[in-house]
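Input: a single structure, listed below in structure tokens.
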Amino acid sequence: MSLNEKIFLSCLKNLSYFEEEPHIAVGVSGGPDSMALTFLLSKWVKLNKGKLYALVFDHNIRHNSQKEAFQVKDMLTDYNIETFIVYPKRNKIIKKNMSNARTNRFEGLLNFCKKKNILHLFLGHHFDDNLETYLIRKINGSNLDGLASMKNITNFHNVQIIRPLIKIDKSSIITFNKKNKINYINDPSNKDINYTRVKVRNFLQNKVHKKEVKTDFLKLKKQIPDYKKMIWQLLIESLVDIQLNRVKISLNKLIKFDDLIIEKHILLLLNFFNNKKNQTKSSKIKVFINSMKKPNFQIFNLSGVIIKKNSGFLIFYQK
């Protein structure tokens, strides 16, 4: 999909997730995608009489990272955009790798939003980013949910994460920047082939490879709704009784499913009881599943939810 101002503004106009005079933040790396996004958001927020905070994260794992952060801030200041440099917590700078830097950046931006009571954080991920994420997760053996990769809207700790460029090709973003004379910088780590994502990105430079991965990814995205529907239908088949603080399911039916489906069912049941934003770790659920299959299984506490065996049934409840 191509990028232009009309498409972008109509996209945000159709979203009903914003308060009047919205206060929003955008993560800015200084690259073409985040600079284009910030340029477009600055126009949108003025139309809606809101306020925009541009957040530049200094990950502090390269010797010149501070210089780069201030360079991006100066670029944004030229567009009269209020900019803040965000730093990671000192105890978070442990591993000098791309994954650690991304995690620290996301946490830093989220913490800024929570302190300022900002409900919406925009990120500049685009379609090519999603293809890279999909391929990396496929290589790592991710499940279907993981392979779906990044969504355009998610929520973390009461902050709405919005990726309005997620269906936009990077080439279209660069064309948009040139047309509108939007300056940007290139992160030197994007050329470091020691990083997995850079290797994957180079692989996707081949048009044949990219076309194959894109076709595979889009087919999978179409299957996700049917997959989720199947998971719900199978769970309903196992349900025996459901009340406000108690759920009863058939153990005999549950254990006939594949462990991945059982894990999804357990997550759905835990979410029924818990309002926690942090999802129970897969490793903990797998420990429960292994325990559940043992003949002497009686009771288990999983994320504050008690799971008790009663004849051929499992009873889920909270104290």
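Naming scheme: A, B, ... for chains in displayed order of the structure tokens; residues 1 onward per chain; ligands 1 onward as shown.
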
Please tabulate, as CSV, the residues of region 258-294 of chain A that come within 12 Å of region 133-144 of chain A, each with its closest pair of atoms and the distance in Å to one decimal, counting only C-alpha atoms and ordering rows by chain, then residue number upward.
residue,atom,partner,partner_atom,distance
A:Asp259,CA,A:Asn143,CA,11.8
A:Leu260,CA,A:Asn143,CA,8.3
A:Ile261,CA,A:Asn143,CA,10.6
A:Glu263,CA,A:Asn143,CA,11.4
A:Lys264,CA,A:Asn143,CA,10.9
A:Ser282,CA,A:Asn143,CA,11.4

Taking C-alpha atoms for each residue, export the selection above as a CSV table (one decimal), in the first residue's frame.
chain,number,residue,atom,x,y,z
A,259,ASP,CA,-0.8,-29.4,23.9
A,260,LEU,CA,-0.8,-26.1,21.9
A,261,ILE,CA,-4.6,-26.1,21.8
A,263,GLU,CA,-2.4,-24.0,26.2
A,264,LYS,CA,-4.7,-21.7,24.3
A,282,SER,CA,3.9,-20.4,28.3

Pick out the residues sitting within 12 Å of Phe156 (chain A), and hand them over as a PDB file with C-alpha atoms, in the first residue's frame; count only C-alpha atoms, and ignore anything fewer than 5 positions along from it in its own chain.
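After the write, result-v6.pdb holds the following:
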ATOM      1  CA  PHE A 106       9.664  -0.122  24.290  1.00  0.00           C
ATOM      2  CA  GLU A 107       9.713  -0.121  28.097  1.00  0.00           C
ATOM      3  CA  LEU A 109       8.583   4.802  25.842  1.00  0.00           C
ATOM      4  CA  LEU A 110       5.778   3.089  27.779  1.00  0.00           C
ATOM      5  CA  ASN A 111       7.051   4.431  31.115  1.00  0.00           C
ATOM      6  CA  CYS A 113       3.569   7.644  28.510  1.00  0.00           C
ATOM      7  CA  LYS A 114       2.379   6.358  31.878  1.00  0.00           C
ATOM      8  CA  LEU A 119      -3.013   6.981  26.305  1.00  0.00           C
ATOM      9  CA  HIS A 120      -1.678   6.543  22.765  1.00  0.00           C
ATOM     10  CA  LEU A 121       1.829   5.626  21.630  1.00  0.00           C
ATOM     11  CA  ILE A 161       0.058   1.026  20.821  1.00  0.00           C
ATOM     12  CA  ILE A 162      -0.793   2.146  17.277  1.00  0.00           C
ATOM     13  CA  LYS A 276      -3.854  -8.740  34.506  1.00  0.00           C
ATOM     14  CA  LYS A 277      -2.320  -7.218  31.395  1.00  0.00           C
ATOM     15  CA  ASN A 278       0.684  -9.535  31.599  1.00  0.00           C
ATOM     16  CA  GLN A 279      -0.098 -12.881  30.028  1.00  0.00           C
TER      17      GLN A 279
END

DSSP-assigned helix (DSSP H, G or I) members of region 153-236 of chain A, reported as a ChimeraX atom specification: /A:170-180,188-191,196-203,207-236

Coordinates-based distance that separates CA of Lys170 (chain A) from CA of His126 (chain A) (Å, one decimal): 6.5 Å

Closest pair table for region 124-191 of chain A residues within 10 Å of region 63-76 of chain A, only C-alpha atoms, as JSON lines:
{"residue": "A:Ile182", "atom": "CA", "partner": "A:Met75", "partner_atom": "CA", "distance": 9.4}
{"residue": "A:Asn183", "atom": "CA", "partner": "A:Met75", "partner_atom": "CA", "distance": 7.4}
{"residue": "A:Tyr184", "atom": "CA", "partner": "A:Val72", "partner_atom": "CA", "distance": 8.0}
{"residue": "A:Ile185", "atom": "CA", "partner": "A:Val72", "partner_atom": "CA", "distance": 7.9}
{"residue": "A:Asp187", "atom": "CA", "partner": "A:Glu68", "partner_atom": "CA", "distance": 8.9}

What does the file look like for those residues with C-alpha atoms, as a tab-separated table (two decimals), in the first residue's frame?
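Final output, saved to again-v8.tsv:
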chain	number	residue	atom	x	y	z
A	182	ILE	CA	11.47	15.08	5.15
A	183	ASN	CA	15.00	14.54	6.44
A	184	TYR	CA	16.00	11.29	8.14
A	185	ILE	CA	19.08	9.39	9.22
A	187	ASP	CA	20.86	3.69	11.91

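Between CA of Arg105 (chain A) and CA of Val56 (chain A) there is a distance of 9.1 Å.
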
If you run DSSP over the backbone, which residues in region 94-158 of chain A end up strand (DSSP E)? Put them as number ranges by chain. A: 120-122, 153-156

Which residues, written as an NGL selection string, have at least one atom at most 10 Å from Leu239 (chain A), with only C-alpha atoms counted and residues fewer than 2 positions away on the same chain left out? :A and (234-237 or 241-242 or 247-251 or 253-254 or 313-314)

Export, as a short mmCIF file (atom, residue, chain, number, x, y, z; two decimals), in the first residue's frame, the selected residues with all heavy atoms.
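Result saved to out.cif:
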data_model
loop_
_atom_site.label_atom_id
_atom_site.label_comp_id
_atom_site.auth_asym_id
_atom_site.auth_seq_id
_atom_site.Cartn_x
_atom_site.Cartn_y
_atom_site.Cartn_z
N LEU A 234 -13.70 -25.45 20.13
CA LEU A 234 -13.20 -26.61 20.86
C LEU A 234 -13.31 -26.40 22.38
O LEU A 234 -13.61 -27.35 23.12
CB LEU A 234 -11.75 -26.89 20.48
CG LEU A 234 -11.52 -27.37 19.04
CD1 LEU A 234 -10.03 -27.51 18.76
CD2 LEU A 234 -12.23 -28.69 18.80
N LEU A 235 -13.09 -25.17 22.83
CA LEU A 235 -13.22 -24.89 24.26
C LEU A 235 -14.68 -25.03 24.70
O LEU A 235 -14.97 -25.62 25.75
CB LEU A 235 -12.73 -23.47 24.57
CG LEU A 235 -12.89 -22.99 26.02
CD1 LEU A 235 -12.16 -23.93 26.98
CD2 LEU A 235 -12.39 -21.57 26.19
N ILE A 236 -15.60 -24.53 23.89
CA ILE A 236 -17.02 -24.62 24.21
C ILE A 236 -17.46 -26.08 24.31
O ILE A 236 -18.28 -26.45 25.17
CB ILE A 236 -17.86 -23.87 23.16
CG1 ILE A 236 -17.62 -22.36 23.30
CG2 ILE A 236 -19.35 -24.18 23.29
CD1 ILE A 236 -18.19 -21.54 22.18
N GLU A 237 -16.89 -26.94 23.46
CA GLU A 237 -17.22 -28.36 23.50
C GLU A 237 -16.78 -29.01 24.82
O GLU A 237 -17.38 -29.99 25.27
CB GLU A 237 -16.56 -29.08 22.33
CG GLU A 237 -17.17 -28.76 20.98
CD GLU A 237 -16.43 -29.43 19.83
OE1 GLU A 237 -15.59 -30.30 20.12
OE2 GLU A 237 -16.69 -29.08 18.66
N ASP A 241 -19.88 -26.26 32.75
CA ASP A 241 -20.63 -25.25 33.51
C ASP A 241 -19.76 -24.00 33.65
O ASP A 241 -18.54 -24.11 33.84
CB ASP A 241 -21.01 -25.79 34.89
CG ASP A 241 -21.86 -24.79 35.68
OD1 ASP A 241 -22.83 -24.26 35.12
OD2 ASP A 241 -21.52 -24.52 36.85
N ILE A 242 -20.39 -22.85 33.57
CA ILE A 242 -19.66 -21.60 33.74
C ILE A 242 -20.47 -20.63 34.58
O ILE A 242 -21.66 -20.42 34.34
CB ILE A 242 -19.30 -20.97 32.36
CG1 ILE A 242 -18.47 -19.70 32.55
CG2 ILE A 242 -20.53 -20.72 31.52
CD1 ILE A 242 -17.83 -19.20 31.27
N VAL A 247 -15.52 -22.14 36.75
CA VAL A 247 -15.69 -22.76 35.43
C VAL A 247 -15.38 -24.25 35.56
O VAL A 247 -14.38 -24.64 36.18
CB VAL A 247 -14.77 -22.13 34.38
CG1 VAL A 247 -14.88 -22.88 33.05
CG2 VAL A 247 -15.12 -20.66 34.17
N LYS A 248 -16.23 -25.06 34.96
CA LYS A 248 -16.05 -26.51 35.01
C LYS A 248 -15.93 -27.04 33.58
O LYS A 248 -16.76 -26.75 32.73
CB LYS A 248 -17.24 -27.16 35.71
CG LYS A 248 -17.15 -28.67 35.89
CD LYS A 248 -18.39 -29.18 36.64
CE LYS A 248 -18.31 -30.68 36.89
NZ LYS A 248 -19.52 -31.16 37.61
N ILE A 249 -14.85 -27.78 33.31
CA ILE A 249 -14.66 -28.34 31.98
C ILE A 249 -14.37 -29.83 32.07
O ILE A 249 -13.97 -30.34 33.13
CB ILE A 249 -13.52 -27.62 31.21
CG1 ILE A 249 -12.17 -27.91 31.84
CG2 ILE A 249 -13.77 -26.14 31.12
CD1 ILE A 249 -11.01 -27.39 31.01
N SER A 250 -14.57 -30.51 30.96
CA SER A 250 -14.33 -31.95 30.90
C SER A 250 -12.84 -32.23 30.72
O SER A 250 -12.25 -31.84 29.71
CB SER A 250 -15.13 -32.57 29.76
OG SER A 250 -14.72 -33.90 29.53
N LEU A 251 -12.26 -32.89 31.71
CA LEU A 251 -10.84 -33.24 31.62
C LEU A 251 -10.61 -34.27 30.52
O LEU A 251 -9.62 -34.19 29.78
CB LEU A 251 -10.35 -33.79 32.96
CG LEU A 251 -8.92 -34.33 33.01
CD1 LEU A 251 -7.92 -33.25 32.62
CD2 LEU A 251 -8.59 -34.89 34.39
N LYS A 253 -12.14 -34.64 27.70
CA LYS A 253 -12.15 -34.01 26.38
C LYS A 253 -10.91 -33.15 26.18
O LYS A 253 -10.32 -33.12 25.10
CB LYS A 253 -13.41 -33.18 26.19
CG LYS A 253 -14.67 -34.00 26.02
CD LYS A 253 -15.87 -33.11 25.73
CE LYS A 253 -17.12 -33.95 25.51
NZ LYS A 253 -18.32 -33.11 25.23
N LEU A 254 -10.52 -32.44 27.25
CA LEU A 254 -9.39 -31.51 27.15
C LEU A 254 -8.10 -32.24 26.79
O LEU A 254 -7.34 -31.79 25.92
CB LEU A 254 -9.23 -30.74 28.45
CG LEU A 254 -8.18 -29.63 28.45
CD1 LEU A 254 -8.62 -28.49 27.55
CD2 LEU A 254 -7.91 -29.11 29.87
N PHE A 313 -13.46 -34.07 35.76
CA PHE A 313 -13.61 -32.66 35.44
C PHE A 313 -12.49 -31.83 36.06
O PHE A 313 -11.85 -32.24 37.03
CB PHE A 313 -14.96 -32.14 35.94
CG PHE A 313 -16.13 -32.92 35.43
CD1 PHE A 313 -16.75 -33.87 36.23
CD2 PHE A 313 -16.61 -32.72 34.14
CE1 PHE A 313 -17.82 -34.61 35.76
CE2 PHE A 313 -17.69 -33.45 33.66
CZ PHE A 313 -18.30 -34.39 34.47
N LEU A 314 -12.27 -30.64 35.48
CA LEU A 314 -11.39 -29.64 36.08
C LEU A 314 -12.23 -28.46 36.50
O LEU A 314 -13.03 -27.94 35.71
CB LEU A 314 -10.32 -29.19 35.07
CG LEU A 314 -9.21 -30.17 34.72
CD1 LEU A 314 -8.26 -29.53 33.71
CD2 LEU A 314 -8.44 -30.61 35.96
#

With only C-alpha atoms as the basis for distance, which of A:Ile255, A:Leu52, A:Gly108, A:Leu269 is at the shortest distance from Ser291 (chain A)? A:Ile255

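Closest approach to Glu212 (chain A) among A:Met292, A:His157, A:Ser172, A:Leu131 is made by A:Leu131 (distances from only C-alpha atoms).
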
Between A:Leu41, A:Val240, A:Val200, A:Ile289, which has the minimum distance to Ile262 (chain A) (counting only C-alpha atoms)?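 Counting only C-alpha atoms, the residue closest to Ile262 (chain A) is A:Ile289.
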
Record the distance separating CA of Glu5 (chain A) and CA of Phe122 (chain A), expressed in Å with one decimal.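 Computed distance, CA of Glu5 (chain A) to CA of Phe122 (chain A), equals 16.3 Å.
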
Would you pick out the contacts of Phe272 (chain A) at 12 Å or less, using only C-alpha atoms, so that residues sharing its chain but fewer than 5 positions from it are not included, and give the list as a list in words?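 Selected residues are Ile242, Gln243, Leu244, Asn245, Arg246, Val247, His265, Ile266, Leu267, Val305, Phe316, Tyr317 and Gln318 of chain A.
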
Tell me which protein, DNA and RNA residues are within 10 Å of Leu302 (chain A), counting only C-alpha atoms, leaving out same-chain ones fewer than 4 positions away, and put them as an mmCIF file with N, CA and C atoms, in the first residue's frame.
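Saved the output as out37.cif:
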data_model
loop_
_atom_site.group_PDB
_atom_site.id
_atom_site.type_symbol
_atom_site.label_atom_id
_atom_site.label_comp_id
_atom_site.auth_asym_id
_atom_site.auth_seq_id
_atom_site.Cartn_x
_atom_site.Cartn_y
_atom_site.Cartn_z
ATOM 1 N N ILE A 266 -6.307 -22.870 28.212
ATOM 2 C CA ILE A 266 -5.944 -22.446 29.569
ATOM 3 C C ILE A 266 -5.794 -20.926 29.631
ATOM 4 N N LEU A 270 -7.831 -18.429 32.030
ATOM 5 C CA LEU A 270 -7.144 -17.540 32.970
ATOM 6 C C LEU A 270 -7.569 -16.090 32.756
ATOM 7 N N THR A 280 0.135 -14.956 31.278
ATOM 8 C CA THR A 280 0.865 -16.029 31.944
ATOM 9 C C THR A 280 1.859 -16.657 30.975
ATOM 10 N N LYS A 284 5.008 -21.784 32.240
ATOM 11 C CA LYS A 284 4.225 -22.128 33.431
ATOM 12 C C LYS A 284 3.005 -22.968 33.059
ATOM 13 N N ILE A 285 2.378 -22.608 31.947
ATOM 14 C CA ILE A 285 1.207 -23.375 31.494
ATOM 15 C C ILE A 285 1.619 -24.791 31.116
ATOM 16 N N VAL A 287 4.018 -26.518 32.449
ATOM 17 C CA VAL A 287 4.210 -27.255 33.701
ATOM 18 C C VAL A 287 2.864 -27.775 34.202
ATOM 19 N N PHE A 288 1.835 -26.912 34.131
ATOM 20 C CA PHE A 288 0.494 -27.338 34.550
ATOM 21 C C PHE A 288 -0.024 -28.480 33.676
ATOM 22 N N ILE A 306 -7.081 -21.221 40.935
ATOM 23 C CA ILE A 306 -6.986 -22.590 41.441
ATOM 24 C C ILE A 306 -7.636 -23.530 40.435
ATOM 25 N N ILE A 307 -6.915 -24.593 40.084
ATOM 26 C CA ILE A 307 -7.433 -25.594 39.149
ATOM 27 C C ILE A 307 -7.452 -26.931 39.892
ATOM 28 N N PHE A 316 -12.081 -24.590 37.704
ATOM 29 C CA PHE A 316 -11.264 -23.374 37.761
ATOM 30 C C PHE A 316 -11.993 -22.358 38.644
#

So that I can check the surroundings of Lys43 (chain A), please list as a ChimeraX atom specification every protein, DNA and RNA residue that reaches within 12 Å of it, counting only C-alpha atoms and ignoring chain neighbours fewer than 4 positions away. /A:5-6,8-9,12,36-39,47-52,79-81
